[in-house]
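Printed here is model-v8.cif (mmCIF, C-alpha atoms):
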data_work
loop_
_atom_site.label_atom_id
_atom_site.label_comp_id
_atom_site.auth_asym_id
_atom_site.auth_seq_id
_atom_site.Cartn_x
_atom_site.Cartn_y
_atom_site.Cartn_z
CA MET E 128 173.41 80.74 78.19
CA LYS E 129 176.52 81.63 76.20
CA HIS E 130 174.68 80.63 73.03
CA HIS E 131 171.90 83.02 73.85
CA LEU E 132 174.21 85.94 74.56
CA VAL E 133 176.12 85.39 71.34
CA ALA E 134 172.89 85.21 69.33
CA LEU E 135 171.57 88.40 70.91
CA LEU E 136 174.85 90.28 70.42
CA SER E 137 175.14 89.12 66.81
CA GLY E 138 171.54 90.18 66.16
CA LEU E 139 172.15 93.60 67.71
CA LEU E 140 175.24 94.18 65.54
CA PHE E 141 173.39 92.94 62.45
CA GLY E 142 170.42 95.24 62.99
CA LEU E 143 172.64 98.19 63.85
CA GLY E 144 174.64 97.56 60.67
CA LEU E 145 171.50 97.42 58.54
CA ALA E 146 170.27 100.76 59.92
CA VAL E 147 173.67 102.51 59.87
CA SER E 148 174.26 101.44 56.27
CA GLY E 149 170.88 102.82 55.17
CA MET E 150 169.75 99.41 53.90
CA THR E 151 166.63 99.82 56.04
CA GLU E 152 165.51 102.52 53.57
CA PRO E 153 163.64 100.69 50.78
CA ASP E 154 164.09 103.62 48.41
CA LYS E 155 167.87 103.33 48.79
CA VAL E 156 167.64 99.65 47.83
CA LEU E 157 165.37 100.38 44.85
CA ASN E 158 167.80 103.07 43.70
CA PHE E 159 170.63 100.53 43.85
CA LEU E 160 168.59 98.24 41.59
CA ASP E 161 167.74 101.18 39.27
CA VAL E 162 171.11 101.06 37.48
CA THR E 163 169.88 102.96 34.43
CA GLY E 164 168.11 105.66 36.48
CA SER E 165 168.77 107.30 39.84
CA TRP E 166 171.50 104.78 40.72
CA ASP E 167 172.75 104.74 44.33
CA PRO E 168 175.68 102.30 44.60
CA SER E 169 175.64 102.24 48.45
CA LEU E 170 174.35 98.63 48.62
CA ALA E 171 177.39 97.39 46.69
CA LEU E 172 179.69 98.95 49.31
CA VAL E 173 177.64 97.41 52.13
CA MET E 174 178.10 93.96 50.56
CA ALA E 175 181.80 94.63 49.90
CA ALA E 176 182.49 95.75 53.48
CA ALA E 177 180.51 92.84 54.94
CA LEU E 178 182.44 90.37 52.78
CA ALA E 179 185.76 92.05 53.63
CA ILE E 180 185.09 90.88 57.21
CA SER E 181 183.16 87.65 56.65
CA LEU E 182 185.37 86.12 53.90
CA PRO E 183 188.56 86.01 56.02
CA GLY E 184 186.45 85.40 59.16
CA PHE E 185 184.68 82.34 57.74
CA ALA E 186 187.95 81.05 56.23
CA TRP E 187 189.60 81.28 59.65
CA VAL E 188 186.71 79.44 61.32
CA ARG E 189 186.86 76.67 58.71
CA ARG E 190 190.63 76.28 59.17
CA ARG E 191 190.17 76.16 62.95
CA ASN E 192 187.40 73.56 62.66
CA ALA E 193 189.36 71.47 60.17
CA SER E 194 192.33 71.30 62.54
CA HIS E 195 190.02 70.28 65.40
CA GLY E 196 188.29 67.75 63.18
CA THR E 197 184.88 69.23 63.99
CA MET E 198 182.07 70.31 61.69
CA ALA E 199 182.07 68.75 58.24
CA THR E 200 182.63 71.51 55.70
CA THR E 201 182.21 69.64 52.44
CA HIS E 202 178.77 69.33 50.93
CA VAL E 203 177.22 68.60 47.60
CA GLU E 204 176.40 71.82 45.84
CA ALA E 205 173.80 71.10 43.20
CA ILE E 206 172.34 74.03 41.31
CA SER E 207 168.68 73.00 41.26
CA MET E 208 165.68 74.42 39.40
CA ARG E 209 164.25 75.12 42.83
CA LEU E 210 167.21 77.36 43.71
CA LEU E 211 166.99 79.24 40.42
CA LEU E 212 163.22 79.72 40.55
CA GLY E 213 163.27 80.69 44.22
CA SER E 214 166.05 83.24 43.77
CA ALA E 215 164.27 84.70 40.72
CA LEU E 216 160.96 85.12 42.61
CA PHE E 217 162.80 86.64 45.56
CA GLY E 218 164.58 89.10 43.24
CA ILE E 219 161.28 90.15 41.64
CA GLY E 220 159.64 90.75 45.03
CA TRP E 221 162.74 92.65 46.20
CA GLY E 222 162.69 94.81 43.08
CA ILE E 223 159.01 95.69 43.53
CA ALA E 224 159.07 97.10 47.07
CA GLY E 225 162.76 97.33 48.05
CA TYR E 226 162.46 95.07 51.10
CA CYS E 227 164.30 91.85 51.80
CA PRO E 228 163.65 89.95 55.06
CA GLY E 229 166.29 91.56 57.33
CA PRO E 230 165.51 95.22 56.56
CA ALA E 231 161.75 94.49 56.70
CA LEU E 232 162.14 93.12 60.26
CA ALA E 233 164.40 96.05 61.19
CA ASN E 234 161.69 98.48 60.06
CA LEU E 235 159.33 97.01 62.65
CA ALA E 236 161.50 98.85 65.20
CA ARG E 237 160.12 102.20 64.06
CA GLY E 238 156.55 101.00 63.70
CA SER E 239 156.57 100.98 59.91
CA GLY E 240 153.11 99.98 58.65
CA GLU E 241 154.66 98.88 55.36
CA ALA E 242 156.99 96.52 57.21
CA VAL E 243 154.12 94.97 59.20
CA VAL E 244 152.19 94.23 55.98
CA PHE E 245 155.31 93.03 54.17
CA VAL E 246 156.39 90.68 56.97
CA ILE E 247 152.90 89.14 57.25
CA ALA E 248 152.82 88.57 53.46
CA LEU E 249 156.36 87.16 53.59
CA LEU E 250 155.42 84.66 56.32
CA ALA E 251 152.27 83.69 54.39
CA GLY E 252 154.26 83.18 51.19
CA SER E 253 156.86 81.09 52.96
CA GLN E 254 154.25 78.84 54.61
CA LEU E 255 152.38 78.55 51.30
CA ALA E 256 155.53 77.34 49.54
CA ARG E 257 156.24 74.96 52.42
CA LEU E 258 152.75 73.42 52.25
CA ALA E 259 152.87 73.17 48.46
CA GLY E 260 156.25 71.47 48.73
CA SER E 261 155.14 68.93 51.34
CA SER E 262 151.93 67.99 49.50
CA ARG E 263 153.81 67.00 46.36
CA MET H 832 162.68 109.11 45.19
CA PRO H 833 166.40 109.77 44.63
CA THR H 834 168.79 108.95 47.50
CA ASP H 835 172.36 110.09 48.13
CA PHE H 836 175.32 107.78 47.67
CA THR H 837 176.58 107.31 51.25
CA PRO H 838 179.92 105.46 51.00
CA VAL H 839 181.13 105.98 54.58
CA SER H 840 177.98 104.82 56.38
CA ALA H 841 177.62 101.98 53.84
CA LEU H 842 181.14 100.73 54.64
CA ILE H 843 180.70 101.06 58.43
CA GLY H 844 177.27 99.41 58.39
CA GLY H 845 178.47 96.67 56.05
CA ALA H 846 181.43 95.93 58.32
CA LEU H 847 179.06 95.60 61.31
CA ILE H 848 176.91 93.13 59.34
CA GLY H 849 180.01 91.13 58.35
CA LEU H 850 181.19 91.12 61.97
CA ALA H 851 177.77 89.93 63.19
CA ALA H 852 177.72 87.07 60.66
CA THR H 853 181.30 86.05 61.50
CA LEU H 854 180.58 86.08 65.24
CA LEU H 855 177.57 83.79 64.83
CA TYR H 856 179.50 81.42 62.57
CA ALA H 857 182.63 81.34 64.74
CA LEU H 858 180.94 80.91 68.13
CA LEU H 859 177.73 79.03 67.30
CA GLY H 860 178.58 77.51 63.91
CA ARG H 861 175.40 79.09 62.54
CA ILE H 862 174.59 81.01 59.39
CA ALA H 863 173.08 84.47 59.85
CA GLY H 864 170.40 84.00 57.20
CA ILE H 865 167.34 86.01 58.15
CA SER H 866 164.71 84.18 56.07
CA GLY H 867 165.89 80.77 57.28
CA MET H 868 166.10 81.96 60.85
CA LEU H 869 162.57 83.30 60.70
CA ASN H 870 161.23 80.03 59.26
CA SER H 871 163.09 77.87 61.77
CA ALA H 872 162.00 80.03 64.69
CA ILE H 873 158.41 79.25 63.68
CA GLU H 874 158.78 75.60 62.73
CA ASN H 875 161.48 74.22 65.02
CA PRO H 876 160.44 74.76 68.66
CA GLY H 877 163.45 72.90 70.03
CA GLU H 878 165.92 75.48 68.77
CA ARG H 879 163.70 78.48 68.87
CA SER H 880 165.16 80.56 71.70
CA TRP H 881 168.53 81.60 70.25
CA ARG H 882 166.90 82.42 66.91
CA LEU H 883 164.27 84.57 68.58
CA LEU H 884 167.05 86.34 70.51
CA PHE H 885 168.97 87.02 67.30
CA LEU H 886 165.84 88.37 65.59
CA ALA H 887 164.93 90.47 68.65
CA GLY H 888 168.50 91.79 68.68
CA LEU H 889 168.23 92.71 65.00
CA ILE H 890 165.09 94.74 65.64
CA LEU H 891 166.54 96.37 68.79
CA GLY H 892 169.86 97.16 67.08
CA ALA H 893 168.11 98.90 64.21
CA GLY H 894 165.73 100.58 66.68
CA ALA H 895 168.65 102.03 68.64
CA TRP H 896 169.96 103.68 65.48
CA PHE H 897 166.52 104.99 64.50
CA ALA H 898 166.12 106.45 68.01
CA LEU H 899 169.52 108.16 67.96
CA ALA H 900 169.60 109.28 64.33
CA SER H 901 169.56 113.00 63.74
CA PRO H 902 167.83 114.18 61.65
CA ALA H 903 165.14 111.58 62.39
CA LEU H 904 164.73 108.68 59.95
CA PRO H 905 161.00 108.20 59.32
CA ALA H 906 159.81 104.95 57.73
CA ARG H 907 158.57 105.11 54.13
CA THR H 908 154.79 105.41 53.78
CA GLY H 909 152.37 105.45 50.88
CA PHE H 910 153.62 102.43 48.94
CA PRO H 911 150.58 100.89 47.14
CA LEU H 912 149.18 98.10 49.31
CA PRO H 913 148.47 95.44 46.63
CA TRP H 914 152.06 95.72 45.37
CA LEU H 915 153.41 95.55 48.90
CA LEU H 916 151.44 92.33 49.50
CA LEU H 917 152.61 90.85 46.19
CA ALA H 918 156.23 91.76 46.99
CA GLY H 919 156.00 90.14 50.43
CA LEU H 920 154.43 86.97 49.03
CA LEU H 921 157.10 86.66 46.32
CA VAL H 922 159.93 87.23 48.81
CA GLY H 923 158.38 84.63 51.16
CA ILE H 924 157.90 82.00 48.43
CA GLY H 925 161.23 82.77 46.79
CA THR H 926 163.36 82.61 49.92
CA ARG H 927 161.69 79.33 50.92
CA LEU H 928 162.32 77.71 47.53
CA GLY H 929 165.79 79.23 47.13
CA ASN H 930 166.76 78.56 50.76
CA GLY H 931 167.99 82.04 51.49
CA CYS H 932 168.00 85.76 50.88
CA THR H 933 170.45 88.65 50.79
CA SER H 934 171.98 87.70 54.15
CA GLY H 935 172.16 83.91 53.94
CA HIS H 936 173.29 83.69 50.31
CA GLY H 937 174.74 87.18 49.89
CA ILE H 938 176.85 87.60 53.04
CA CYS H 939 177.30 84.12 54.53
CA GLY H 940 177.05 81.96 51.40
CA LEU H 941 179.59 84.00 49.47
CA ALA H 942 181.88 84.02 52.54
CA ARG H 943 181.65 80.21 52.57
CA LEU H 944 182.57 80.22 48.86
CA SER H 945 179.33 78.38 48.09
CA ARG H 946 178.67 77.93 44.39
CA ARG H 947 174.92 77.70 45.05
CA SER H 948 174.95 81.02 46.86
CA LEU H 949 176.91 82.73 44.10
CA VAL H 950 174.31 81.56 41.57
CA ALA H 951 171.48 82.65 43.87
CA VAL H 952 173.00 86.13 44.33
CA LEU H 953 173.52 86.61 40.59
CA VAL H 954 169.93 85.51 39.87
CA PHE H 955 168.22 87.66 42.50
CA MET H 956 170.36 90.69 41.66
CA ALA H 957 169.57 90.33 37.96
CA CYS H 958 165.85 89.82 38.62
CA GLY H 959 165.76 92.73 41.09
CA ILE H 960 167.44 95.06 38.60
CA ALA H 961 165.15 93.88 35.79
CA THR H 962 162.02 94.34 37.92
CA THR H 963 162.88 97.83 39.17
CA THR H 964 163.93 98.89 35.67
CA VAL H 965 160.69 97.65 34.10
CA ILE H 966 158.54 99.28 36.79
CA ARG H 967 160.30 102.63 36.72
CA HIS H 968 161.28 103.03 33.09
CA LEU H 969 158.73 100.99 31.11
CA LEU H 970 155.63 101.36 33.28
CA GLY H 971 156.56 104.80 34.62
CA GLY H 972 156.08 103.69 38.22
CA LEU H 973 153.50 101.60 40.05
CA PRO H 974 149.85 102.56 39.62
#

Step by step, read the file and then write its structure as structure tokens.
Amino acid sequence: MKHHLVALLSGLLFGLGLAVSGMTEPDKVLNFLDVTGSWDPSLALVMAAALAISLPGFAWVRRRNASHGTMATTHVEAISMRLLLGSALFGIGWGIAGYCPGPALANLARGSGEAVVFVIALLAGSQLARLAGSSR
Amino acid sequence: MPTDFTPVSALIGGALIGLAATLLYALLGRIAGISGMLNSAIENPGERSWRLLFLAGLILGAGAWFALASPALPARTGFPLPWLLLAGLLVGIGTRLGNGCTSGHGICGLARLSRRSLVAVLVFMACGIATTTVIRHLLGGLP
């Protein structure tokens, strides 16, 4: 029960933050990426403000967990070809339409036809990559 | 279409996103990565309910702002369909292979000081900037 309330509250804050910050406007995102044109640096400030909370927040959680001896926090961090290729493809898709997964979902709230199409294509792409990966 | 630089709402919205991610990590030990959450909600029935609640909350939270915003914030329309489909496919494939997107790698991964996430963020930012620049300044926009 508590888990569910926390998840719902966190989701509400996340979605509210996306909309308040204007990151639900794909043109604002594309203008952030258009550094040599009509540059809009807003996205950089969104990231900076989010990290200003999450960096100390996550550090505090890790210290708390370490002192309780719960939750292993060390893991192997290999930079794989898969990570590089995946991030590159994601960046290209992001730069074409200006949607990443969170803002695309948020746009469903106002009945955006673009978001419906984008989310269906996103789910198809993800399942395609999953099937291709498991058949190898 | 040009947009205004909106530093105040960017900082307030960003802080809300950071707070949401910290809450989920502190109380559930979970990473607020939207692409991963979406995939797991579909593929992992055992732990589906809290993920669906988070995703529903995300949509409702944004919806509340859209409903209250004045002047109204209409969704973009008129983006060419084939390019929209291609973009969605690439984002779906890419976030599956790279295990994350702007939220998982960008907000949570960097907050966890993950080297993988830092590399992912640098790569998708660079590729996003390159793509938008090529489309707008070399091709003169999408056909």

- Using all atoms listed in the file, which residues sit within 7 Å of H:Thr962 once same-chain residues fewer than 3 positions away are excluded, as JSON, numbers by chain? {"E": [219, 222, 223], "H": [958, 959, 965, 966]}

Kindly save the residues from that selection, with C-alpha atoms included, as a compact mmCIF listing (two decimals), in the frame of the given file.
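Output saved as selection_33.txt:
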# COMPACT_ATOMS: atom_id res chain seq x y z
CA ILE E 219 161.28 90.15 41.64
CA GLY E 222 162.69 94.81 43.08
CA ILE E 223 159.01 95.69 43.53
CA CYS H 958 165.85 89.82 38.62
CA GLY H 959 165.76 92.73 41.09
CA VAL H 965 160.69 97.65 34.10
CA ILE H 966 158.54 99.28 36.79

Taking all atoms listed in the file into account and nothing else, which residues of chain E lie no more than 6 Å away from chain H? Please answer as a PDB file with C-alpha atoms, in the coordinates of the input.
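Okay, part-v3.pdb is ready:
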ATOM      1  CA  HIS E 131     171.900  83.020  73.850  1.00  0.00           C
ATOM      2  CA  ALA E 134     172.890  85.210  69.330  1.00  0.00           C
ATOM      3  CA  LEU E 135     171.570  88.400  70.910  1.00  0.00           C
ATOM      4  CA  SER E 137     175.140  89.120  66.810  1.00  0.00           C
ATOM      5  CA  GLY E 138     171.540  90.180  66.160  1.00  0.00           C
ATOM      6  CA  LEU E 139     172.150  93.600  67.710  1.00  0.00           C
ATOM      7  CA  LEU E 140     175.240  94.180  65.540  1.00  0.00           C
ATOM      8  CA  PHE E 141     173.390  92.940  62.450  1.00  0.00           C
ATOM      9  CA  GLY E 142     170.420  95.240  62.990  1.00  0.00           C
ATOM     10  CA  LEU E 143     172.640  98.190  63.850  1.00  0.00           C
ATOM     11  CA  GLY E 144     174.640  97.560  60.670  1.00  0.00           C
ATOM     12  CA  ALA E 146     170.270 100.760  59.920  1.00  0.00           C
ATOM     13  CA  VAL E 147     173.670 102.510  59.870  1.00  0.00           C
ATOM     14  CA  SER E 148     174.260 101.440  56.270  1.00  0.00           C
ATOM     15  CA  LYS E 155     167.870 103.330  48.790  1.00  0.00           C
ATOM     16  CA  LEU E 160     168.590  98.240  41.590  1.00  0.00           C
ATOM     17  CA  ASP E 161     167.740 101.180  39.270  1.00  0.00           C
ATOM     18  CA  SER E 165     168.770 107.300  39.840  1.00  0.00           C
ATOM     19  CA  ASP E 167     172.750 104.740  44.330  1.00  0.00           C
ATOM     20  CA  SER E 169     175.640 102.240  48.450  1.00  0.00           C
ATOM     21  CA  LEU E 172     179.690  98.950  49.310  1.00  0.00           C
ATOM     22  CA  VAL E 173     177.640  97.410  52.130  1.00  0.00           C
ATOM     23  CA  ALA E 176     182.490  95.750  53.480  1.00  0.00           C
ATOM     24  CA  ALA E 177     180.510  92.840  54.940  1.00  0.00           C
ATOM     25  CA  ILE E 180     185.090  90.880  57.210  1.00  0.00           C
ATOM     26  CA  SER E 181     183.160  87.650  56.650  1.00  0.00           C
ATOM     27  CA  LEU E 182     185.370  86.120  53.900  1.00  0.00           C
ATOM     28  CA  GLY E 184     186.450  85.400  59.160  1.00  0.00           C
ATOM     29  CA  VAL E 188     186.710  79.440  61.320  1.00  0.00           C
ATOM     30  CA  ILE E 206     172.340  74.030  41.310  1.00  0.00           C
ATOM     31  CA  ARG E 209     164.250  75.120  42.830  1.00  0.00           C
ATOM     32  CA  LEU E 210     167.210  77.360  43.710  1.00  0.00           C
ATOM     33  CA  GLY E 213     163.270  80.690  44.220  1.00  0.00           C
ATOM     34  CA  SER E 214     166.050  83.240  43.770  1.00  0.00           C
ATOM     35  CA  ALA E 215     164.270  84.700  40.720  1.00  0.00           C
ATOM     36  CA  LEU E 216     160.960  85.120  42.610  1.00  0.00           C
ATOM     37  CA  PHE E 217     162.800  86.640  45.560  1.00  0.00           C
ATOM     38  CA  GLY E 218     164.580  89.100  43.240  1.00  0.00           C
ATOM     39  CA  ILE E 219     161.280  90.150  41.640  1.00  0.00           C
ATOM     40  CA  GLY E 220     159.640  90.750  45.030  1.00  0.00           C
ATOM     41  CA  TRP E 221     162.740  92.650  46.200  1.00  0.00           C
ATOM     42  CA  GLY E 222     162.690  94.810  43.080  1.00  0.00           C
ATOM     43  CA  ILE E 223     159.010  95.690  43.530  1.00  0.00           C
ATOM     44  CA  PRO E 228     163.650  89.950  55.060  1.00  0.00           C
ATOM     45  CA  GLY E 229     166.290  91.560  57.330  1.00  0.00           C
ATOM     46  CA  ALA E 233     164.400  96.050  61.190  1.00  0.00           C
ATOM     47  CA  ALA E 236     161.500  98.850  65.200  1.00  0.00           C
ATOM     48  CA  SER E 239     156.570 100.980  59.910  1.00  0.00           C
ATOM     49  CA  PHE E 245     155.310  93.030  54.170  1.00  0.00           C
ATOM     50  CA  ALA E 248     152.820  88.570  53.460  1.00  0.00           C
ATOM     51  CA  LEU E 249     156.360  87.160  53.590  1.00  0.00           C
ATOM     52  CA  LEU E 250     155.420  84.660  56.320  1.00  0.00           C
ATOM     53  CA  GLY E 252     154.260  83.180  51.190  1.00  0.00           C
ATOM     54  CA  SER E 253     156.860  81.090  52.960  1.00  0.00           C
ATOM     55  CA  ALA E 256     155.530  77.340  49.540  1.00  0.00           C
TER      56      ALA E 256
END

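In this structure, atom CA of E:Leu232 sits 7.1 Å away from atom CA of E:Val246.
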
- Item | Coordinates-based distance that separates atom CA of E:Val244 from atom CA of H:Asn875 (Å, one decimal) | 23.8 Å

- atom CA of E:Ser261 sits from atom CA of H:Pro876 at a separation of 19.0 Å

Once N, CA and C atoms are restored for stretch 879-893 of chain H, what would the output be as a compact mmCIF listing (two decimals), keeping the file's coordinate frame?
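Below is the file selection-v2.txt, written as the result:
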# COMPACT_ATOMS: atom_id res chain seq x y z
N ARG H 879 164.32 77.20 69.16
CA ARG H 879 163.70 78.48 68.87
C ARG H 879 164.37 79.63 69.58
N SER H 880 164.82 79.42 70.83
CA SER H 880 165.16 80.56 71.70
C SER H 880 166.32 81.39 71.17
N TRP H 881 167.40 80.77 70.70
CA TRP H 881 168.53 81.60 70.25
C TRP H 881 168.17 82.35 68.97
N ARG H 882 167.30 81.73 68.15
CA ARG H 882 166.90 82.42 66.91
C ARG H 882 166.03 83.63 67.24
N LEU H 883 165.11 83.44 68.18
CA LEU H 883 164.27 84.57 68.58
C LEU H 883 165.13 85.69 69.17
N LEU H 884 166.17 85.32 69.93
CA LEU H 884 167.05 86.34 70.51
C LEU H 884 167.80 87.09 69.42
N PHE H 885 168.27 86.34 68.41
CA PHE H 885 168.97 87.02 67.30
C PHE H 885 168.02 87.99 66.60
N LEU H 886 166.81 87.52 66.31
CA LEU H 886 165.84 88.37 65.59
C LEU H 886 165.43 89.58 66.44
N ALA H 887 165.25 89.35 67.75
CA ALA H 887 164.93 90.47 68.65
C ALA H 887 166.09 91.46 68.67
N GLY H 888 167.31 90.93 68.72
CA GLY H 888 168.50 91.79 68.68
C GLY H 888 168.55 92.62 67.42
N LEU H 889 168.23 91.99 66.29
CA LEU H 889 168.23 92.71 65.00
C LEU H 889 167.27 93.91 65.05
N ILE H 890 166.08 93.66 65.58
CA ILE H 890 165.09 94.74 65.64
C ILE H 890 165.55 95.83 66.63
N LEU H 891 166.07 95.40 67.79
CA LEU H 891 166.54 96.37 68.79
C LEU H 891 167.74 97.17 68.28
N GLY H 892 168.67 96.48 67.60
CA GLY H 892 169.86 97.16 67.08
C GLY H 892 169.50 98.24 66.09
N ALA H 893 168.58 97.90 65.18
CA ALA H 893 168.11 98.90 64.21
C ALA H 893 167.35 100.01 64.94
